[in-house]
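A short worksheet on the structure shown next.
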Amino acid sequence: GAVVSQHPSRVICKSGTSVKIECRSLDFQATTMFWYRQFPKQSLMLMATSNEGSKATYEQGVEKDKFLINHASLTLSTLTVTSAHPEDSSFYICSATPLGGGGATDTQYFGPGTRLTVL
Amino acid sequence: AQSVTQLDSHVSVSEGTPVLLRCNYSSSYSPSLFWYVQHPNKGLQLLLKYTSAATLVKGINGFEAEFKKSETSFHLTKPSAHMSDAAEYFCVVSDLSNTGKLIFGQGTTLQVKP
């Protein structure tokens, strides 16, 4: 149980285009979803916290107009990288916390990640 | 502020020998601590978590970790390494704000030699 999927797993796009990444909780409903970015050989950096039906909370330094997050249902959150540039190339990972959770002790379940390459 | 420090960026062991991955934390309160593993180009998998119950926490795949408040440590161990254990390991602490936010250590790469 507690499976999180991401789609696509890998995407290559041209500079200036927009890319949408989906994060789905397959066998549970998620109160909260988180979006992370990971550079090669580095740790995960939290980009934003997404709660169903409300606006996402972005971490300091993350451009909300560039990284659009929508959490339209309890099983789906999307991250759209708008007007992508080569420096946006990275590994994007989402995680989800089951309904009723979201506290400090609750486990986050991670998706397999999406490798974005911007040419 | 909460933080975690993984003391080794890279650990190399031989197959069948013990594994020790070190993690120290900083927290004003009793923290919730996690160990996650990440295989190449994959998402993260939870190995185990500590949430103020038993100080010795057993996880999946033979891993365990001991919470030592006096030493502010949460080291990850396994008695006998397997080739499939080669991966990146992250020590993680929950943010005090209770929003569910996680604070990650820098990671330790575990290499297992045949």
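Letters A, B, ... mark the chains of the structure tokens in the order given; residue numbers begin at 1 per chain; ligand numbers begin at 1, in order shown.
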Could you write out as a PDB file with C-alpha atoms, in the first residue's frame the residues of chain A within 12 Å of chain B, counting only C-alpha atoms?
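Result saved to out-v3.pdb:
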```pdb
ATOM      1  CA  ALA A   2       0.815   3.727   0.030  1.00  0.00           C
ATOM      2  CA  VAL A   3       2.003   3.988  -3.546  1.00  0.00           C
ATOM      3  CA  VAL A   4       2.719   7.312  -5.195  1.00  0.00           C
ATOM      4  CA  SER A   5       3.221   7.587  -8.932  1.00  0.00           C
ATOM      5  CA  GLN A   6       4.613  10.343 -11.092  1.00  0.00           C
ATOM      6  CA  SER A   9       9.218   9.628 -15.516  1.00  0.00           C
ATOM      7  CA  ARG A  10      11.408  11.481 -17.955  1.00  0.00           C
ATOM      8  CA  THR A  31      -4.123  15.522   2.670  1.00  0.00           C
ATOM      9  CA  THR A  32      -0.870  17.071   1.719  1.00  0.00           C
ATOM     10  CA  MET A  33       1.556  16.649  -1.119  1.00  0.00           C
ATOM     11  CA  PHE A  34       5.066  18.017  -1.263  1.00  0.00           C
ATOM     12  CA  TRP A  35       7.253  18.860  -4.235  1.00  0.00           C
ATOM     13  CA  TYR A  36      11.018  18.521  -4.069  1.00  0.00           C
ATOM     14  CA  ARG A  37      13.859  19.225  -6.399  1.00  0.00           C
ATOM     15  CA  GLN A  38      17.084  17.244  -6.398  1.00  0.00           C
ATOM     16  CA  PHE A  39      20.286  18.158  -8.187  1.00  0.00           C
ATOM     17  CA  PRO A  40      22.836  15.459  -9.048  1.00  0.00           C
ATOM     18  CA  LYS A  41      24.625  14.055  -6.032  1.00  0.00           C
ATOM     19  CA  GLN A  42      22.714  16.382  -3.729  1.00  0.00           C
ATOM     20  CA  SER A  43      19.958  16.143  -1.179  1.00  0.00           C
ATOM     21  CA  LEU A  44      16.311  16.975  -1.695  1.00  0.00           C
ATOM     22  CA  MET A  45      15.210  20.582  -1.559  1.00  0.00           C
ATOM     23  CA  LEU A  46      11.599  21.264  -0.652  1.00  0.00           C
ATOM     24  CA  MET A  47       9.973  23.543  -3.184  1.00  0.00           C
ATOM     25  CA  ALA A  48       6.401  23.759  -1.966  1.00  0.00           C
ATOM     26  CA  THR A  49       3.667  22.221   0.141  1.00  0.00           C
ATOM     27  CA  SER A  50       0.391  21.512  -1.584  1.00  0.00           C
ATOM     28  CA  ASN A  51      -2.930  21.078   0.217  1.00  0.00           C
ATOM     29  CA  THR A  57       2.849  27.241   0.145  1.00  0.00           C
ATOM     30  CA  TYR A  58       6.183  27.914  -1.488  1.00  0.00           C
ATOM     31  CA  GLU A  59       9.576  27.805   0.183  1.00  0.00           C
ATOM     32  CA  SER A  90      16.605  18.615 -12.469  1.00  0.00           C
ATOM     33  CA  PHE A  91      15.024  15.598 -10.809  1.00  0.00           C
ATOM     34  CA  TYR A  92      11.603  16.499  -9.402  1.00  0.00           C
ATOM     35  CA  ILE A  93      10.130  14.298  -6.705  1.00  0.00           C
ATOM     36  CA  CYS A  94       6.747  14.478  -5.048  1.00  0.00           C
ATOM     37  CA  SER A  95       5.562  12.949  -1.807  1.00  0.00           C
ATOM     38  CA  ALA A  96       2.186  12.503  -0.189  1.00  0.00           C
ATOM     39  CA  THR A  97       0.847  12.153   3.315  1.00  0.00           C
ATOM     40  CA  PRO A  98      -2.306  10.096   3.872  1.00  0.00           C
ATOM     41  CA  GLY A 100      -5.782  12.817   8.344  1.00  0.00           C
ATOM     42  CA  GLY A 101      -2.047  13.009   8.561  1.00  0.00           C
ATOM     43  CA  GLY A 102       0.302  15.828   7.766  1.00  0.00           C
ATOM     44  CA  GLY A 103       1.792  16.105  11.197  1.00  0.00           C
ATOM     45  CA  ALA A 104       5.344  15.764  12.296  1.00  0.00           C
ATOM     46  CA  THR A 105       5.177  12.027  12.913  1.00  0.00           C
ATOM     47  CA  ASP A 106       3.430  11.057   9.729  1.00  0.00           C
ATOM     48  CA  THR A 107       5.219   9.206   7.005  1.00  0.00           C
ATOM     49  CA  GLN A 108       5.582  10.759   3.603  1.00  0.00           C
ATOM     50  CA  TYR A 109       5.409   8.399   0.669  1.00  0.00           C
ATOM     51  CA  PHE A 110       7.553   9.393  -2.259  1.00  0.00           C
ATOM     52  CA  GLY A 111       7.001   9.116  -5.971  1.00  0.00           C
ATOM     53  CA  PRO A 112       9.692   7.706  -8.262  1.00  0.00           C
ATOM     54  CA  GLY A 113      10.659  11.131  -9.560  1.00  0.00           C
ATOM     55  CA  THR A 114      10.619  12.900 -12.908  1.00  0.00           C
ATOM     56  CA  ARG A 115      13.828  13.722 -14.757  1.00  0.00           C
ATOM     57  CA  LEU A 116      13.399  17.031 -16.586  1.00  0.00           C
TER      58      LEU A 116
END
```
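Secondary structure by DSSP on the backbone puts the following residues of stretch 38-90 of chain B in strand (DSSP E or B): Gln38, Leu44, Gln45, Leu46, Leu47, Leu48, Lys49, Tyr50, Leu56, Val57, Lys58, Glu64, Ala65, Glu66, Phe67, Lys68, Ser73, Phe74, His75, Leu76, Thr77, Lys78, Ala87, Glu88, Tyr89 and Phe90 of chain B.
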As an mmCIF file with C-alpha atoms, in the first residue's frame, please: every residue in chain B that a backbone DSSP assignment puts in helix (DSSP H, G or I).
```
data_model
loop_
_atom_site.group_PDB
_atom_site.id
_atom_site.type_symbol
_atom_site.label_atom_id
_atom_site.label_comp_id
_atom_site.auth_asym_id
_atom_site.auth_seq_id
_atom_site.Cartn_x
_atom_site.Cartn_y
_atom_site.Cartn_z
ATOM 1 C CA ILE B 60 12.836 -3.052 6.497
ATOM 2 C CA ASN B 61 15.572 -5.133 4.872
ATOM 3 C CA GLY B 62 17.342 -5.804 8.166
ATOM 4 C CA MET B 83 24.982 -5.879 -2.768
ATOM 5 C CA SER B 84 21.435 -4.569 -3.189
ATOM 6 C CA ASP B 85 21.981 -2.183 -0.256
#
```
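Taking only C-alpha atoms into account, A:Val81 lies nearest to A:Leu68 out of the set A:Cys13, A:Leu68, A:Val118, A:Leu26.
With atom CA of A:Ala30 on one side and atom CA of B:Gly59 on the other, the separation reads 23.5 Å.
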Contact residues around B:Lys113 with only C-alpha atoms at 8 Å, ignoring same-chain residues under 5 positions, as an MDAnalysis selection string: chainID B and resid 12:15 83
Let's have the selection written as an mmCIF file, in the first residue's frame, with all heavy atoms.
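File written: out07.cif
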```
data_model
loop_
_atom_site.group_PDB
_atom_site.id
_atom_site.type_symbol
_atom_site.label_atom_id
_atom_site.label_comp_id
_atom_site.auth_asym_id
_atom_site.auth_seq_id
_atom_site.Cartn_x
_atom_site.Cartn_y
_atom_site.Cartn_z
ATOM 1 N N SER B 12 32.014 2.812 2.343
ATOM 2 C CA SER B 12 32.261 1.635 1.528
ATOM 3 C C SER B 12 32.478 0.429 2.439
ATOM 4 O O SER B 12 33.280 0.488 3.366
ATOM 5 C CB SER B 12 33.494 1.850 0.647
ATOM 6 O OG SER B 12 33.726 0.724 -0.165
ATOM 7 N N VAL B 13 31.720 -0.646 2.184
ATOM 8 C CA VAL B 13 31.860 -1.866 2.977
ATOM 9 C C VAL B 13 31.926 -3.048 2.021
ATOM 10 O O VAL B 13 31.523 -2.958 0.859
ATOM 11 C CB VAL B 13 30.679 -2.056 3.956
ATOM 12 C CG1 VAL B 13 30.576 -0.880 4.916
ATOM 13 C CG2 VAL B 13 29.373 -2.256 3.208
ATOM 14 N N SER B 14 32.392 -4.154 2.547
ATOM 15 C CA SER B 14 32.385 -5.404 1.772
ATOM 16 C C SER B 14 31.086 -6.144 2.052
ATOM 17 O O SER B 14 30.503 -6.038 3.132
ATOM 18 C CB SER B 14 33.579 -6.273 2.151
ATOM 19 O OG SER B 14 34.792 -5.625 1.816
ATOM 20 N N GLU B 15 30.643 -6.869 1.069
ATOM 21 C CA GLU B 15 29.421 -7.659 1.224
ATOM 22 C C GLU B 15 29.571 -8.588 2.418
ATOM 23 O O GLU B 15 30.613 -9.231 2.603
ATOM 24 C CB GLU B 15 29.153 -8.463 -0.046
ATOM 25 C CG GLU B 15 27.796 -9.145 -0.067
ATOM 26 C CD GLU B 15 27.524 -9.848 -1.389
ATOM 27 O OE1 GLU B 15 28.502 -10.132 -2.123
ATOM 28 O OE2 GLU B 15 26.342 -10.083 -1.714
ATOM 29 N N MET B 83 24.689 -6.699 -1.592
ATOM 30 C CA MET B 83 24.982 -5.879 -2.768
ATOM 31 C C MET B 83 23.831 -4.929 -3.091
ATOM 32 O O MET B 83 24.042 -3.789 -3.507
ATOM 33 C CB MET B 83 25.271 -6.750 -3.982
ATOM 34 C CG MET B 83 26.527 -7.606 -3.859
ATOM 35 S SD MET B 83 28.023 -6.601 -3.717
ATOM 36 C CE MET B 83 28.098 -5.870 -5.343
#
```
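Counting from atom CA of B:Val19, the distance to atom CA of B:Ser3 is 23.1 Å.
Proximity of A:Ser15, A:Thr117, A:Asn70, A:Thr75 to A:Ser89, computed with only C-alpha atoms, is greatest for A:Thr117.
Across the model, the gap from atom CA of B:Thr72 to atom CA of B:Gln111 is 25.7 Å.
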A:Arg24, A:Thr78, A:Ser83, A:Pro8: which is nearest A:Asp65, counting only C-alpha atoms? A:Ser83
Residue among B:Glu64, B:Val112, B:His75, B:Ala81 lying closest to B:Asp8, counting only C-alpha atoms: B:His75
